[in-house]
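Listing of data02.csv, CSV, C-alpha atoms
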```
chain,number,residue,atom,x,y,z
A,905,MET,CA,-13.9,130.5,24.9
A,906,LYS,CA,-13.1,132.9,27.7
A,907,PRO,CA,-12.3,136.5,26.6
A,908,PHE,CA,-8.7,137.5,26.6
A,909,ARG,CA,-7.3,138.5,30.0
A,910,LYS,CA,-7.2,142.1,31.3
A,911,SER,CA,-4.2,141.7,33.6
A,912,GLY,CA,-1.0,139.8,33.6
A,913,SER,CA,2.8,140.1,33.0
A,914,LEU,CA,4.5,140.4,29.6
A,915,THR,CA,7.8,140.3,27.8
A,916,ARG,CA,8.3,141.6,24.3
A,917,PHE,CA,10.5,140.2,21.5
A,918,TYR,CA,11.4,141.5,18.0
A,919,LEU,CA,11.1,139.1,15.2
A,920,ASP,CA,14.3,138.2,13.3
A,921,GLY,CA,13.1,136.3,10.2
A,922,THR,CA,10.0,135.8,8.2
A,923,ILE,CA,6.7,134.3,9.2
A,924,PRO,CA,4.2,133.4,6.4
A,925,ASP,CA,1.0,135.4,6.2
A,926,PRO,CA,-1.0,134.3,9.2
A,927,SER,CA,-4.2,134.0,7.1
A,928,SER,CA,-2.4,131.6,4.7
A,929,ASP,CA,-2.7,127.8,4.7
A,930,GLU,CA,1.1,127.7,5.0
A,931,PHE,CA,1.0,129.4,8.4
A,932,LEU,CA,-1.6,127.0,9.8
A,933,THR,CA,0.3,124.0,8.4
A,934,LEU,CA,3.5,125.2,10.1
A,935,LEU,CA,1.6,125.8,13.3
A,936,ALA,CA,0.0,122.3,13.2
A,937,GLY,CA,3.5,120.9,12.6
A,938,GLY,CA,4.6,122.3,15.9
A,939,ARG,CA,1.4,121.4,17.7
A,940,PHE,CA,1.2,120.1,21.2
A,941,ARG,CA,1.3,116.4,21.7
A,942,THR,CA,-0.1,114.9,24.8
A,943,ILE,CA,1.9,112.9,27.4
A,944,GLU,CA,-1.1,112.0,29.5
A,945,ASN,CA,-0.4,108.3,29.2
A,946,ALA,CA,3.4,108.4,29.1
A,947,ALA,CA,5.1,105.8,31.2
A,948,SER,CA,8.1,108.0,32.3
A,949,GLU,CA,8.8,111.5,33.5
A,950,GLU,CA,8.8,113.8,30.6
A,951,THR,CA,7.7,117.2,29.2
A,952,SER,CA,5.9,118.2,26.0
A,953,LEU,CA,5.8,121.6,24.4
A,954,GLY,CA,3.8,122.8,21.4
A,955,TRP,CA,1.2,125.1,19.9
A,956,VAL,CA,-2.5,124.9,20.8
A,957,CYS,CA,-5.4,126.9,19.5
A,958,PRO,CA,-6.7,129.5,21.9
A,959,SER,CA,-10.1,127.9,21.6
A,960,ASP,CA,-8.9,124.3,21.9
A,961,ALA,CA,-6.1,123.5,24.4
A,962,SER,CA,-5.7,119.9,23.1
A,963,GLY,CA,-3.5,120.8,20.1
A,964,GLY,CA,-5.8,118.8,17.8
A,965,SER,CA,-7.2,121.7,15.7
A,966,PHE,CA,-6.3,125.3,14.8
A,967,ALA,CA,-9.3,127.5,14.0
A,968,PRO,CA,-8.2,130.5,11.9
A,969,ASP,CA,-11.0,132.6,13.4
A,970,SER,CA,-9.6,132.4,16.9
A,971,ILE,CA,-6.0,132.9,15.8
A,972,VAL,CA,-6.1,135.7,13.3
A,973,LEU,CA,-8.0,138.5,15.1
A,974,SER,CA,-7.5,141.3,12.6
A,975,ARG,CA,-5.1,142.2,9.8
A,976,GLU,CA,-2.7,143.4,12.6
A,977,LEU,CA,-3.1,141.0,15.5
A,978,VAL,CA,-2.5,137.3,15.7
A,979,ARG,CA,-3.3,135.4,18.9
A,980,LEU,CA,-1.3,132.3,19.6
A,981,ARG,CA,-1.0,130.0,22.6
A,982,PHE,CA,1.4,127.3,23.6
A,983,ARG,CA,1.2,124.5,26.1
A,984,ARG,CA,3.8,122.8,28.2
A,985,ASP,CA,2.9,119.7,30.1
A,986,LYS,CA,5.3,118.1,32.5
A,987,LYS,CA,4.9,114.7,34.1
A,988,LYS,CA,6.9,114.4,37.2
A,989,LEU,CA,6.8,111.6,39.8
A,990,PRO,CA,5.9,113.2,43.2
A,991,ALA,CA,8.9,112.7,45.5
A,992,GLN,CA,6.7,111.7,48.5
A,993,TRP,CA,5.0,108.9,46.5
A,994,LEU,CA,8.4,107.7,45.3
A,995,ALA,CA,9.8,107.7,48.8
A,996,LEU,CA,6.8,105.7,50.1
A,997,TYR,CA,7.1,103.0,47.4
A,998,MET,CA,10.8,102.9,47.9
A,999,GLU,CA,10.5,102.3,51.6
A,1000,ALA,CA,8.0,99.5,51.0
A,1001,GLU,CA,10.3,97.9,48.5
A,1002,LEU,CA,13.3,98.1,50.8
A,1003,ARG,CA,11.2,96.6,53.6
A,1004,ASN,CA,10.8,93.5,51.5
A,1005,ARG,CA,14.5,93.0,51.3
A,1006,PRO,CA,15.5,92.8,55.0
A,1007,GLY,CA,18.9,92.0,56.2
A,1008,ARG,CA,21.0,93.0,53.2
A,1009,LYS,CA,22.4,96.2,52.0
A,1010,VAL,CA,21.0,97.5,48.7
A,1011,SER,CA,23.6,98.8,46.3
A,1012,ALA,CA,23.2,102.2,44.6
A,1013,LYS,CA,22.7,100.4,41.3
A,1014,GLU,CA,19.9,98.3,42.8
A,1015,ARG,CA,18.3,101.4,44.2
A,1016,LYS,CA,18.3,103.0,40.8
A,1017,GLU,CA,16.7,100.0,39.3
A,1018,ILE,CA,14.0,99.9,42.0
A,1019,LYS,CA,13.4,103.6,41.3
A,1020,GLN,CA,13.0,103.0,37.6
A,1021,ASP,CA,10.5,100.1,38.3
A,1022,ILE,CA,8.5,102.3,40.6
A,1023,ALA,CA,8.4,105.1,38.0
A,1024,ALA,CA,7.3,102.8,35.3
A,1025,LYS,CA,4.5,101.5,37.6
A,1026,LEU,CA,3.3,105.0,38.8
A,1027,CYS,CA,3.9,107.3,35.8
A,1028,PRO,CA,1.0,106.1,33.7
A,1029,ARG,CA,-1.3,107.0,36.6
A,1030,ILE,CA,0.0,110.5,37.1
A,1031,LEU,CA,-1.5,113.4,35.2
A,1032,PRO,CA,1.0,116.0,34.0
A,1033,SER,CA,0.9,119.6,35.1
A,1034,ILE,CA,-0.3,122.0,32.4
A,1035,ARG,CA,0.9,125.5,31.6
A,1036,LEU,CA,-0.8,127.5,28.9
A,1037,THR,CA,0.9,130.7,27.7
A,1038,ASP,CA,-0.6,133.4,25.5
A,1039,VAL,CA,1.4,135.0,22.7
A,1040,VAL,CA,0.4,137.9,20.5
A,1041,TYR,CA,2.0,138.6,17.1
A,1042,GLU,CA,1.7,142.2,15.9
A,1043,ILE,CA,2.2,141.8,12.1
A,1044,ARG,CA,3.1,145.3,11.1
A,1045,LYS,CA,5.4,146.0,14.0
A,1046,ARG,CA,7.0,142.5,13.7
A,1047,CYS,CA,6.7,142.3,17.5
A,1048,ILE,CA,5.9,139.3,19.6
A,1049,THR,CA,4.3,139.8,23.1
A,1050,LEU,CA,4.6,136.8,25.5
A,1051,PHE,CA,2.2,137.0,28.4
A,1052,SER,CA,4.7,135.8,30.9
A,1053,THR,CA,8.0,137.0,32.4
A,1054,SER,CA,9.3,133.6,33.5
A,1055,GLN,CA,12.7,132.7,32.0
A,1056,SER,CA,11.5,129.2,31.1
A,1057,ALA,CA,8.4,130.6,29.2
A,1058,LYS,CA,10.7,133.0,27.4
A,1059,GLU,CA,13.0,130.1,26.3
A,1060,ASP,CA,10.0,128.0,25.3
A,1061,CYS,CA,8.6,130.8,23.2
A,1062,GLN,CA,11.9,131.4,21.5
A,1063,LYS,CA,12.3,127.6,20.8
A,1064,LEU,CA,8.8,127.2,19.4
A,1065,PHE,CA,9.2,130.2,17.0
A,1066,TYR,CA,12.6,128.8,15.8
A,1067,ASP,CA,11.4,125.3,15.4
A,1068,THR,CA,8.1,126.2,13.8
A,1069,PHE,CA,8.9,129.2,11.6
A,1070,GLY,CA,12.7,129.2,11.6
A,1071,CYS,CA,12.6,132.7,13.2
A,1072,ARG,CA,14.7,134.0,16.0
A,1073,LEU,CA,13.1,136.1,18.7
A,1074,VAL,CA,15.3,138.9,20.1
A,1075,GLU,CA,14.3,140.1,23.6
A,1076,ALA,CA,13.2,143.7,23.6
A,1077,ASP,CA,15.6,144.7,26.4
A,1078,PRO,CA,16.7,148.4,26.9
A,1079,TRP,CA,19.4,148.0,24.2
A,1080,GLU,CA,17.4,146.3,21.5
A,1081,THR,CA,14.4,148.5,22.1
A,1082,ALA,CA,16.5,151.6,21.6
A,1083,PHE,CA,17.2,150.4,18.0
A,1084,HIS,CA,13.5,150.1,17.3
A,1085,LEU,CA,12.4,153.6,18.3
A,1086,GLU,CA,13.5,155.5,15.2
A,1087,LEU,CA,16.0,157.6,17.0
A,1088,PRO,CA,18.0,160.2,15.1
A,1089,ARG,CA,21.3,159.1,13.7
A,1090,ASP,CA,23.4,161.0,16.3
A,1091,ASN,CA,21.6,159.3,19.2
A,1092,LEU,CA,22.2,155.9,17.6
A,1093,ASP,CA,25.9,156.7,17.1
A,1094,TYR,CA,26.1,157.6,20.8
A,1095,LEU,CA,24.2,154.4,21.8
A,1096,GLU,CA,27.0,152.3,20.3
A,1097,ARG,CA,29.4,153.7,22.9
A,1098,VAL,CA,27.1,154.5,25.8
A,1099,ALA,CA,28.3,153.5,29.3
A,1100,ALA,CA,26.6,153.6,32.7
A,1101,LEU,CA,26.5,157.0,34.4
A,1102,PRO,CA,26.3,156.7,38.1
A,1103,MET,CA,24.1,159.3,39.8
A,1104,PHE,CA,27.0,160.0,42.2
A,1105,PRO,CA,30.4,158.8,41.3
A,1106,ASP,CA,32.7,156.9,43.6
A,1107,GLY,CA,29.9,154.9,45.3
A,1108,GLY,CA,27.7,157.8,46.2
A,1109,ARG,CA,27.7,160.8,48.5
A,1110,GLN,CA,29.8,160.9,51.6
A,1111,PRO,CA,28.2,159.9,55.0
A,1112,GLU,CA,28.5,163.4,56.5
A,1113,LEU,CA,26.4,164.7,53.6
A,1114,LEU,CA,23.8,161.9,54.1
A,1115,ALA,CA,23.6,162.7,57.8
A,1116,ASP,CA,22.2,166.2,57.4
A,1117,THR,CA,18.8,164.8,56.1
A,1118,ASP,CA,16.4,166.1,58.7
A,1119,THR,CA,17.4,169.3,60.3
A,1120,ASP,CA,14.0,170.1,61.8
A,1121,GLU,CA,14.3,167.9,64.7
A,1122,ALA,CA,17.7,167.9,66.4
A,1123,ILE,CA,18.7,164.5,67.5
A,1124,GLU,CA,19.4,164.4,71.2
A,1125,PRO,CA,22.8,163.0,72.1
A,1126,GLU,CA,22.5,159.6,73.7
A,1127,SER,CA,22.4,159.8,77.4
A,1128,GLU,CA,24.9,157.8,79.3
A,1129,THR,CA,22.1,156.8,81.7
A,1130,ALA,CA,19.5,154.3,80.5
A,1131,PRO,CA,15.9,155.6,80.6
A,1132,TRP,CA,14.9,153.2,83.4
A,1133,GLU,CA,17.8,154.2,85.6
A,1134,VAL,CA,17.1,157.1,87.9
A,1135,GLU,CA,19.9,159.6,88.0
A,1136,ALA,CA,21.0,160.4,91.5
B,105,MET,CA,24.4,145.7,17.1
B,106,THR,CA,24.4,142.7,19.4
B,107,ALA,CA,24.9,142.9,23.2
B,108,GLU,CA,25.2,140.4,26.0
B,109,ILE,CA,22.0,139.9,27.9
B,110,GLY,CA,22.0,142.3,30.8
B,111,GLU,CA,25.0,144.2,29.6
B,112,TYR,CA,22.9,147.3,29.0
B,113,ALA,CA,20.5,146.7,31.9
B,114,PHE,CA,21.7,150.0,33.3
B,115,LEU,CA,19.9,151.9,30.5
B,116,GLY,CA,16.5,150.7,31.7
B,117,GLU,CA,17.4,151.4,35.3
B,118,GLU,CA,18.6,154.9,34.4
B,119,PHE,CA,15.4,155.3,32.5
B,120,LEU,CA,13.3,154.5,35.6
B,121,THR,CA,15.4,156.8,37.7
B,122,TRP,CA,15.0,159.6,35.2
B,123,LEU,CA,11.2,158.9,35.1
B,124,TRP,CA,11.0,159.4,38.8
B,125,PHE,CA,12.9,162.6,38.5
B,126,ARG,CA,10.7,163.9,35.7
B,127,CYS,CA,7.5,162.9,37.7
B,128,GLU,CA,8.6,165.0,40.6
B,129,THR,CA,10.0,167.9,38.8
B,130,ARG,CA,7.9,168.3,35.7
B,131,ARG,CA,4.6,166.7,36.8
B,132,GLY,CA,5.2,163.5,34.8
B,133,LEU,CA,3.5,164.6,31.6
B,134,PHE,CA,4.9,163.3,28.3
B,135,ARG,CA,3.7,164.0,24.8
B,136,MET,CA,3.7,161.0,22.5
B,137,PRO,CA,4.8,161.0,18.9
B,138,ASP,CA,1.1,160.8,17.9
B,139,GLY,CA,0.4,164.0,19.8
B,140,THR,CA,-1.5,162.5,22.8
B,141,GLU,CA,-0.4,163.4,26.3
B,142,VAL,CA,0.4,160.7,28.9
B,143,GLY,CA,0.5,161.2,32.6
B,144,VAL,CA,3.0,159.0,34.6
B,145,ALA,CA,3.0,158.5,38.3
B,146,ILE,CA,5.3,156.3,40.5
B,147,GLU,CA,3.1,154.3,42.8
B,148,ASP,CA,3.7,152.3,46.0
B,149,TYR,CA,6.5,150.0,45.1
B,150,LEU,CA,10.1,150.9,44.5
B,151,CYS,CA,13.1,148.7,44.3
B,152,LEU,CA,16.5,150.5,44.2
B,153,GLY,CA,19.5,148.5,43.2
B,154,GLY,CA,23.2,148.9,42.8
B,155,SER,CA,25.3,148.9,39.7
B,156,SER,CA,26.2,145.2,40.2
B,157,GLU,CA,23.9,142.3,40.9
B,158,HIS,CA,25.8,141.5,44.1
B,159,GLU,CA,24.8,144.7,45.7
B,160,THR,CA,22.0,144.9,48.2
B,161,GLU,CA,18.6,146.0,46.9
B,162,ASN,CA,16.3,148.3,48.9
B,163,THR,CA,12.6,147.5,48.4
B,164,LEU,CA,10.1,150.0,49.6
B,165,ARG,CA,6.4,149.2,49.6
B,166,ASN,CA,3.1,150.9,50.6
B,167,GLY,CA,2.5,154.4,51.7
B,168,LEU,CA,4.6,157.0,49.7
B,169,PRO,CA,7.9,155.2,49.1
B,170,THR,CA,9.2,158.0,46.9
B,171,ARG,CA,9.0,160.3,49.9
B,172,ALA,CA,10.7,157.9,52.2
B,173,PRO,CA,14.1,158.9,53.7
B,174,GLU,CA,15.3,155.4,52.7
B,175,ALA,CA,14.6,156.3,49.0
B,176,ARG,CA,16.7,159.4,49.2
B,177,ALA,CA,19.5,157.6,51.0
B,178,ALA,CA,19.6,154.9,48.4
B,179,LEU,CA,19.7,157.5,45.6
B,180,LEU,CA,22.5,159.4,47.3
B,181,SER,CA,24.4,156.2,47.8
B,182,GLY,CA,24.5,155.8,44.0
B,183,LYS,CA,21.6,153.3,43.6
B,184,ARG,CA,19.3,153.4,40.6
B,185,LEU,CA,15.6,152.5,40.4
B,186,ALA,CA,15.6,148.9,39.3
B,187,ARG,CA,11.8,148.3,39.4
B,188,ALA,CA,8.8,150.4,40.2
B,189,ARG,CA,5.0,150.2,40.1
B,190,LEU,CA,3.8,152.9,37.7
B,191,THR,CA,0.5,154.3,36.5
B,192,PHE,CA,0.2,155.5,33.0
B,193,ALA,CA,-2.9,157.6,32.1
B,194,GLU,CA,-4.1,158.6,28.7
B,195,HIS,CA,-7.4,160.4,28.2
B,196,ASP,CA,-9.7,158.6,30.7
B,197,GLU,CA,-7.8,155.3,30.6
B,198,GLN,CA,-5.3,154.1,33.2
B,199,TRP,CA,-2.8,151.3,33.3
B,200,SER,CA,-1.0,150.1,36.4
B,201,PHE,CA,2.1,147.9,36.1
B,202,VAL,CA,5.6,147.1,37.5
B,203,LEU,CA,8.3,148.0,35.1
B,204,HIS,CA,11.6,146.1,35.3
B,205,GLY,CA,14.4,148.4,34.3
B,206,ALA,CA,16.9,145.7,33.4
B,207,THR,CA,14.6,143.9,30.9
B,208,LEU,CA,11.8,146.4,30.3
B,209,ASP,CA,9.4,143.5,31.2
B,210,LEU,CA,6.0,144.7,32.4
B,211,ALA,CA,4.7,142.7,35.3
B,212,SER,CA,1.3,142.7,37.1
B,213,VAL,CA,-0.2,144.8,34.4
B,214,ARG,CA,-3.8,146.0,35.0
B,215,CYS,CA,-5.4,147.3,31.9
B,216,PRO,CA,-8.4,149.6,31.5
B,217,ASP,CA,-11.8,147.8,31.4
B,218,VAL,CA,-13.4,146.7,28.2
B,219,ASP,CA,-17.2,146.6,28.4
B,220,HIS,CA,-18.2,143.0,27.7
B,221,SER,CA,-21.7,144.0,26.7
B,222,ASP,CA,-20.4,145.9,23.7
B,223,TYR,CA,-19.1,142.6,22.3
B,224,VAL,CA,-21.7,140.0,23.1
B,225,ASP,CA,-21.9,138.8,19.4
B,226,ASP,CA,-18.3,139.6,18.6
B,227,PRO,CA,-15.8,137.6,20.8
B,228,ALA,CA,-13.0,138.2,18.4
B,229,GLY,CA,-13.7,141.9,18.5
B,230,GLU,CA,-13.5,141.8,22.3
B,231,ASP,CA,-10.3,139.9,22.3
B,232,CYS,CA,-8.9,142.4,19.8
B,233,GLU,CA,-9.9,145.3,22.1
B,234,ARG,CA,-8.5,143.7,25.2
B,235,ILE,CA,-5.2,142.9,23.4
B,236,SER,CA,-5.1,146.5,22.1
B,237,LYS,CA,-5.0,147.7,25.7
B,238,PHE,CA,-1.8,145.8,26.3
B,239,THR,CA,-0.2,146.9,23.0
B,240,ARG,CA,-1.2,150.5,23.6
B,241,LEU,CA,0.6,150.3,27.0
B,242,THR,CA,3.8,149.0,25.3
B,243,GLU,CA,3.5,151.9,22.8
B,244,LEU,CA,3.2,154.4,25.6
B,245,VAL,CA,6.2,152.9,27.5
B,246,ASP,CA,8.2,153.0,24.3
B,247,GLY,CA,7.2,156.6,23.7
B,248,VAL,CA,8.4,157.7,27.1
B,249,TYR,CA,11.6,155.6,26.8
B,250,ARG,CA,12.3,157.2,23.5
B,251,GLN,CA,12.1,160.7,25.2
B,252,PHE,CA,14.6,159.5,27.8
B,253,LEU,CA,16.9,158.2,25.1
B,254,ARG,CA,16.7,161.4,23.2
B,255,GLU,CA,18.1,163.2,26.3
B,256,ARG,CA,20.4,160.4,27.5
B,257,LEU,CA,22.2,159.8,24.2
B,258,ARG,CA,23.4,163.4,24.0
B,259,GLU,CA,26.9,164.6,24.7
B,260,ASP,CA,25.6,167.1,27.2
B,261,TYR,CA,23.5,164.7,29.2
B,262,ARG,CA,26.0,164.5,32.0
B,263,SER,CA,26.5,168.3,32.4
B,264,GLN,CA,22.8,169.1,32.1
B,265,THR,CA,20.2,166.5,33.0
B,266,LEU,CA,22.4,164.4,35.3
B,267,ASP,CA,23.5,167.5,37.2
B,268,GLU,CA,19.9,168.5,37.6
B,269,MET,CA,19.0,165.0,38.8
B,270,ARG,CA,21.8,165.1,41.4
B,271,ARG,CA,20.5,168.4,42.7
B,272,TRP,CA,17.0,166.9,42.8
B,273,ALA,CA,18.2,163.8,44.8
B,274,GLU,CA,20.2,166.0,47.2
B,275,ALA,CA,17.2,168.3,47.8
B,276,LYS,CA,14.6,165.5,48.2
B,277,ASN,CA,12.8,165.7,51.5
B,278,ALA,CA,15.6,167.9,52.8
```

What does the file become when written as structure tokens?
Amino acid sequence: MKPFRKSGSLTRFYLDGTIPDPSSDEFLTLLAGGRFRTIENAASEETSLGWVCPSDASGGSFAPDSIVLSRELVRLRFRRDKKKLPAQWLALYMEAELRNRPGRKVSAKERKEIKQDIAAKLCPRILPSIRLTDVVYEIRKRCITLFSTSQSAKEDCQKLFYDTFGCRLVEADPWETAFHLELPRDNLDYLERVAALPMFPDGGRQPELLADTDTDEAIEPESETAPWEVEA
Amino acid sequence: MTAEIGEYAFLGEEFLTWLWFRCETRRGLFRMPDGTEVGVAIEDYLCLGGSSEHETENTLRNGLPTRAPEARAALLSGKRLARARLTFAEHDEQWSFVLHGATLDLASVRCPDVDHSDYVDDPAGEDCERISKFTRLTELVDGVYRQFLRERLREDYRSQTLDEMRRWAEAKNA
């Protein structure tokens, strides 16, 4: 197994709910219940989302050693496969099919049926795209780190935690984070009524104040004569 | 205690703008709750945005964007720092990343190296160490964000810090 990455993007969530002790059988059983199921041989366009083990991307097994790294850190990984018919292949097959029906107009309904037939023929031959996403669960902090900032990965992660453990993940945005930083009571009271404070009210400073930026070099007034024109 | 997503994005953007101000006026040094000192620097990527998502963003890359006249003009026109590439340094370790103000997401994070030869027989230990670099970064960002909030969530923020920030923006590169 490759060592954990040393670069990447991340989003954080706070855990709302209870997850069983990661070293317990219950945890592994729940994880296996939400495991990834392959769509390699599926005969239609579809997606599959589920947990895999960091050391085995098939979803077939979950080795506690590669999941529970310490008493504090749990390493998880989920996989999303998507099988999609390539548009160009579909267009080629569609054209060929229509050539076989010369001289008559094909209705929209017929086109749809042809498309379905082509998809049924081609889909079993197409391999799905694979996306593996790492997740770290910090037990003491009750914090989940998702190693992605894409909206779809965030939604996948939230869905998996909800479906697997019945827990909600709350995104650690500026507002939520503020409540997790052990701020004094008066700060928290103020937070409830905080509003944006523009640097400069009324849409910023006036243009005449912006104009006096560089005073070292005086700007020459534009000549009425273009540089390439010789003044008489 | 619930808020619409994005409703409080301004807090993160104000944080980034304050961070920029603190880096230029107080050398960007922050003491963490555990006593360690963290150095913060704004690097070669800035994105300044307006208070609404429909407003034009100014993206400045390469060179010294914090010194660019466009950066000053954007600040003076009321824009906040929406995203920036930052470096955080603690002891002899350094992290580089892009902080998104609206979400506090960390993008393109580069963590300090972990010596693979120290963990030849202990892959789990190496993973732990590598993950700890990421989690330490999130702790440092939280620590600095907390310092911002301690100032921002005070009644006198407007008359003290914000006034100072306005003077700083006006005097930038002048």

* To do: Quick one: everything within 7 Å of stretch 1034-1037 of chain A, counting all atoms listed in the file, minus sequence neighbours fewer than 4 positions away in the same chain. Send it as a PyMOL selection string.
  => chain A and resi 981-986+1051

* **Nearest to chain A by atom-to-atom distance, counting all atoms listed in the file, from B:Leu190, B:Leu244, B:Leu133, B:Val213** => B:Val213

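Residues in contact range of A:Arg1072, defined as at most 8 Å between all atoms listed in the file, with sequence neighbours fewer than 3 positions away removed, read Leu919, Asp920, Gly921, Gln1062, Phe1065 and Tyr1066 of chain A.
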
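Atom pair atom CA of B:Arg189 / atom CA of B:Leu203: separated by 6.4 Å.
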
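If all atoms listed in the file are the atoms counted, then among B:His204, B:Arg254, B:Arg187, B:His220 the closest residue to A:Asp1093 is B:Arg254.
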
* Structure fact -> Shortest contact to B:Thr239, candidates A:Arg939, A:Arg1029, A:Lys906, A:Arg916, atoms counted only C-alpha atoms, goes to A:Arg916

Determine, using only C-alpha atoms, which residues of chain A have any atom at most 8 Å from an atom of chain B, and tabulate each with its shortest atom pair and distance in Å to one decimal place, rows ordered by chain and then rising number, as JSON lines.
```
{"residue": "A:Pro907", "atom": "CA", "partner": "B:Asp231", "partner_atom": "CA", "distance": 5.8}
{"residue": "A:Phe908", "atom": "CA", "partner": "B:Asp231", "partner_atom": "CA", "distance": 5.2}
{"residue": "A:Arg909", "atom": "CA", "partner": "B:Arg234", "partner_atom": "CA", "distance": 7.2}
{"residue": "A:Lys910", "atom": "CA", "partner": "B:Cys215", "partner_atom": "CA", "distance": 5.5}
{"residue": "A:Ser911", "atom": "CA", "partner": "B:Arg214", "partner_atom": "CA", "distance": 4.5}
{"residue": "A:Gly912", "atom": "CA", "partner": "B:Ser212", "partner_atom": "CA", "distance": 5.1}
{"residue": "A:Ser913", "atom": "CA", "partner": "B:Ala211", "partner_atom": "CA", "distance": 4.0}
{"residue": "A:Leu914", "atom": "CA", "partner": "B:Leu210", "partner_atom": "CA", "distance": 5.3}
{"residue": "A:Thr915", "atom": "CA", "partner": "B:Asp209", "partner_atom": "CA", "distance": 4.9}
{"residue": "A:Arg916", "atom": "CA", "partner": "B:Asp209", "partner_atom": "CA", "distance": 7.2}
{"residue": "A:Asp969", "atom": "CA", "partner": "B:Ala228", "partner_atom": "CA", "distance": 7.8}
{"residue": "A:Ser970", "atom": "CA", "partner": "B:Ala228", "partner_atom": "CA", "distance": 6.9}
{"residue": "A:Leu973", "atom": "CA", "partner": "B:Ala228", "partner_atom": "CA", "distance": 6.0}
{"residue": "A:Ser974", "atom": "CA", "partner": "B:Cys232", "partner_atom": "CA", "distance": 7.4}
{"residue": "A:Leu977", "atom": "CA", "partner": "B:Cys232", "partner_atom": "CA", "distance": 7.4}
{"residue": "A:Thr1053", "atom": "CA", "partner": "B:Asp209", "partner_atom": "CA", "distance": 6.8}
{"residue": "A:Ala1076", "atom": "CA", "partner": "B:Leu208", "partner_atom": "CA", "distance": 7.4}
{"residue": "A:Asp1077", "atom": "CA", "partner": "B:Thr207", "partner_atom": "CA", "distance": 4.7}
{"residue": "A:Pro1078", "atom": "CA", "partner": "B:Gly116", "partner_atom": "CA", "distance": 5.3}
{"residue": "A:Trp1079", "atom": "CA", "partner": "B:Tyr112", "partner_atom": "CA", "distance": 6.0}
{"residue": "A:Thr1081", "atom": "CA", "partner": "B:Asp246", "partner_atom": "CA", "distance": 8.0}
{"residue": "A:Ala1082", "atom": "CA", "partner": "B:Arg250", "partner_atom": "CA", "distance": 7.3}
{"residue": "A:Leu1085", "atom": "CA", "partner": "B:Arg250", "partner_atom": "CA", "distance": 6.3}
{"residue": "A:Leu1087", "atom": "CA", "partner": "B:Arg254", "partner_atom": "CA", "distance": 7.3}
{"residue": "A:Asn1091", "atom": "CA", "partner": "B:Leu257", "partner_atom": "CA", "distance": 5.1}
{"residue": "A:Leu1092", "atom": "CA", "partner": "B:Leu257", "partner_atom": "CA", "distance": 7.7}
{"residue": "A:Tyr1094", "atom": "CA", "partner": "B:Leu257", "partner_atom": "CA", "distance": 5.6}
{"residue": "A:Leu1095", "atom": "CA", "partner": "B:Leu257", "partner_atom": "CA", "distance": 6.2}
{"residue": "A:Glu1096", "atom": "CA", "partner": "B:Met105", "partner_atom": "CA", "distance": 7.8}
{"residue": "A:Val1098", "atom": "CA", "partner": "B:Leu257", "partner_atom": "CA", "distance": 7.4}
{"residue": "A:Ala1100", "atom": "CA", "partner": "B:Phe114", "partner_atom": "CA", "distance": 6.1}
{"residue": "A:Leu1101", "atom": "CA", "partner": "B:Arg262", "partner_atom": "CA", "distance": 7.9}
{"residue": "A:Pro1102", "atom": "CA", "partner": "B:Gly182", "partner_atom": "CA", "distance": 6.2}
{"residue": "A:Met1103", "atom": "CA", "partner": "B:Gly182", "partner_atom": "CA", "distance": 5.5}
{"residue": "A:Phe1104", "atom": "CA", "partner": "B:Gly182", "partner_atom": "CA", "distance": 5.2}
{"residue": "A:Pro1105", "atom": "CA", "partner": "B:Gly182", "partner_atom": "CA", "distance": 7.1}
{"residue": "A:Gly1107", "atom": "CA", "partner": "B:Gly182", "partner_atom": "CA", "distance": 5.6}
{"residue": "A:Gly1108", "atom": "CA", "partner": "B:Ser181", "partner_atom": "CA", "distance": 4.0}
{"residue": "A:Arg1109", "atom": "CA", "partner": "B:Leu180", "partner_atom": "CA", "distance": 5.5}
{"residue": "A:Leu1114", "atom": "CA", "partner": "B:Ala177", "partner_atom": "CA", "distance": 6.8}
{"residue": "A:Thr1117", "atom": "CA", "partner": "B:Ala278", "partner_atom": "CA", "distance": 5.5}
{"residue": "A:Asp1118", "atom": "CA", "partner": "B:Ala278", "partner_atom": "CA", "distance": 6.2}
{"residue": "A:Thr1119", "atom": "CA", "partner": "B:Ala278", "partner_atom": "CA", "distance": 7.8}
```

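Of note, atom CA of A:Val1039 and atom CA of B:Asp222 are spaced 24.4 Å apart.
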
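From atom CA of A:Phe966 back to atom CA of A:Asp929, the distance works out to 11.0 Å.
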
* Structure fact -> Of B:Ala172, B:Ala186, B:Leu120, B:Val224, the one nearest to B:Leu152 when counting all atoms listed in the file is B:Ala186

* Asked: Do you know which residues are at most 6 Å from A:Phe940 counting all atoms listed in the file, after dropping those on the same chain fewer than 2 positions away, and could you put them as a list in words?
  -> Leu953, Gly954, Trp955 and Gly963 of chain A

Since we have the selection now, will you write its residues out, keeping C-alpha atoms, as a compact mmCIF listing (two decimals), in the frame of the given file?
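File part_0.txt, as written:
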```
# COMPACT_ATOMS: atom_id res chain seq x y z
CA LEU A 953 5.80 121.60 24.40
CA GLY A 954 3.80 122.80 21.40
CA TRP A 955 1.20 125.10 19.90
CA GLY A 963 -3.50 120.80 20.10
```

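Closest to B:Arg171 among B:Asp148, B:Glu159, B:Arg135, B:Arg271 is B:Asp148, based on all atoms listed in the file.
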
* Find the residues with any atom within 9 Å of (-1.1, 137.1, 18.9); use all atoms listed in the file and the coordinates as given in the file, and write the answer as a list in words. => Ile971, Val972, Leu973, Leu977, Val978, Arg979, Leu980, Arg981, Asp1038, Val1039, Val1040, Tyr1041, Glu1042, Ile1043, Ile1048, Thr1049 and Leu1050 of chain A; Ile235 of chain B
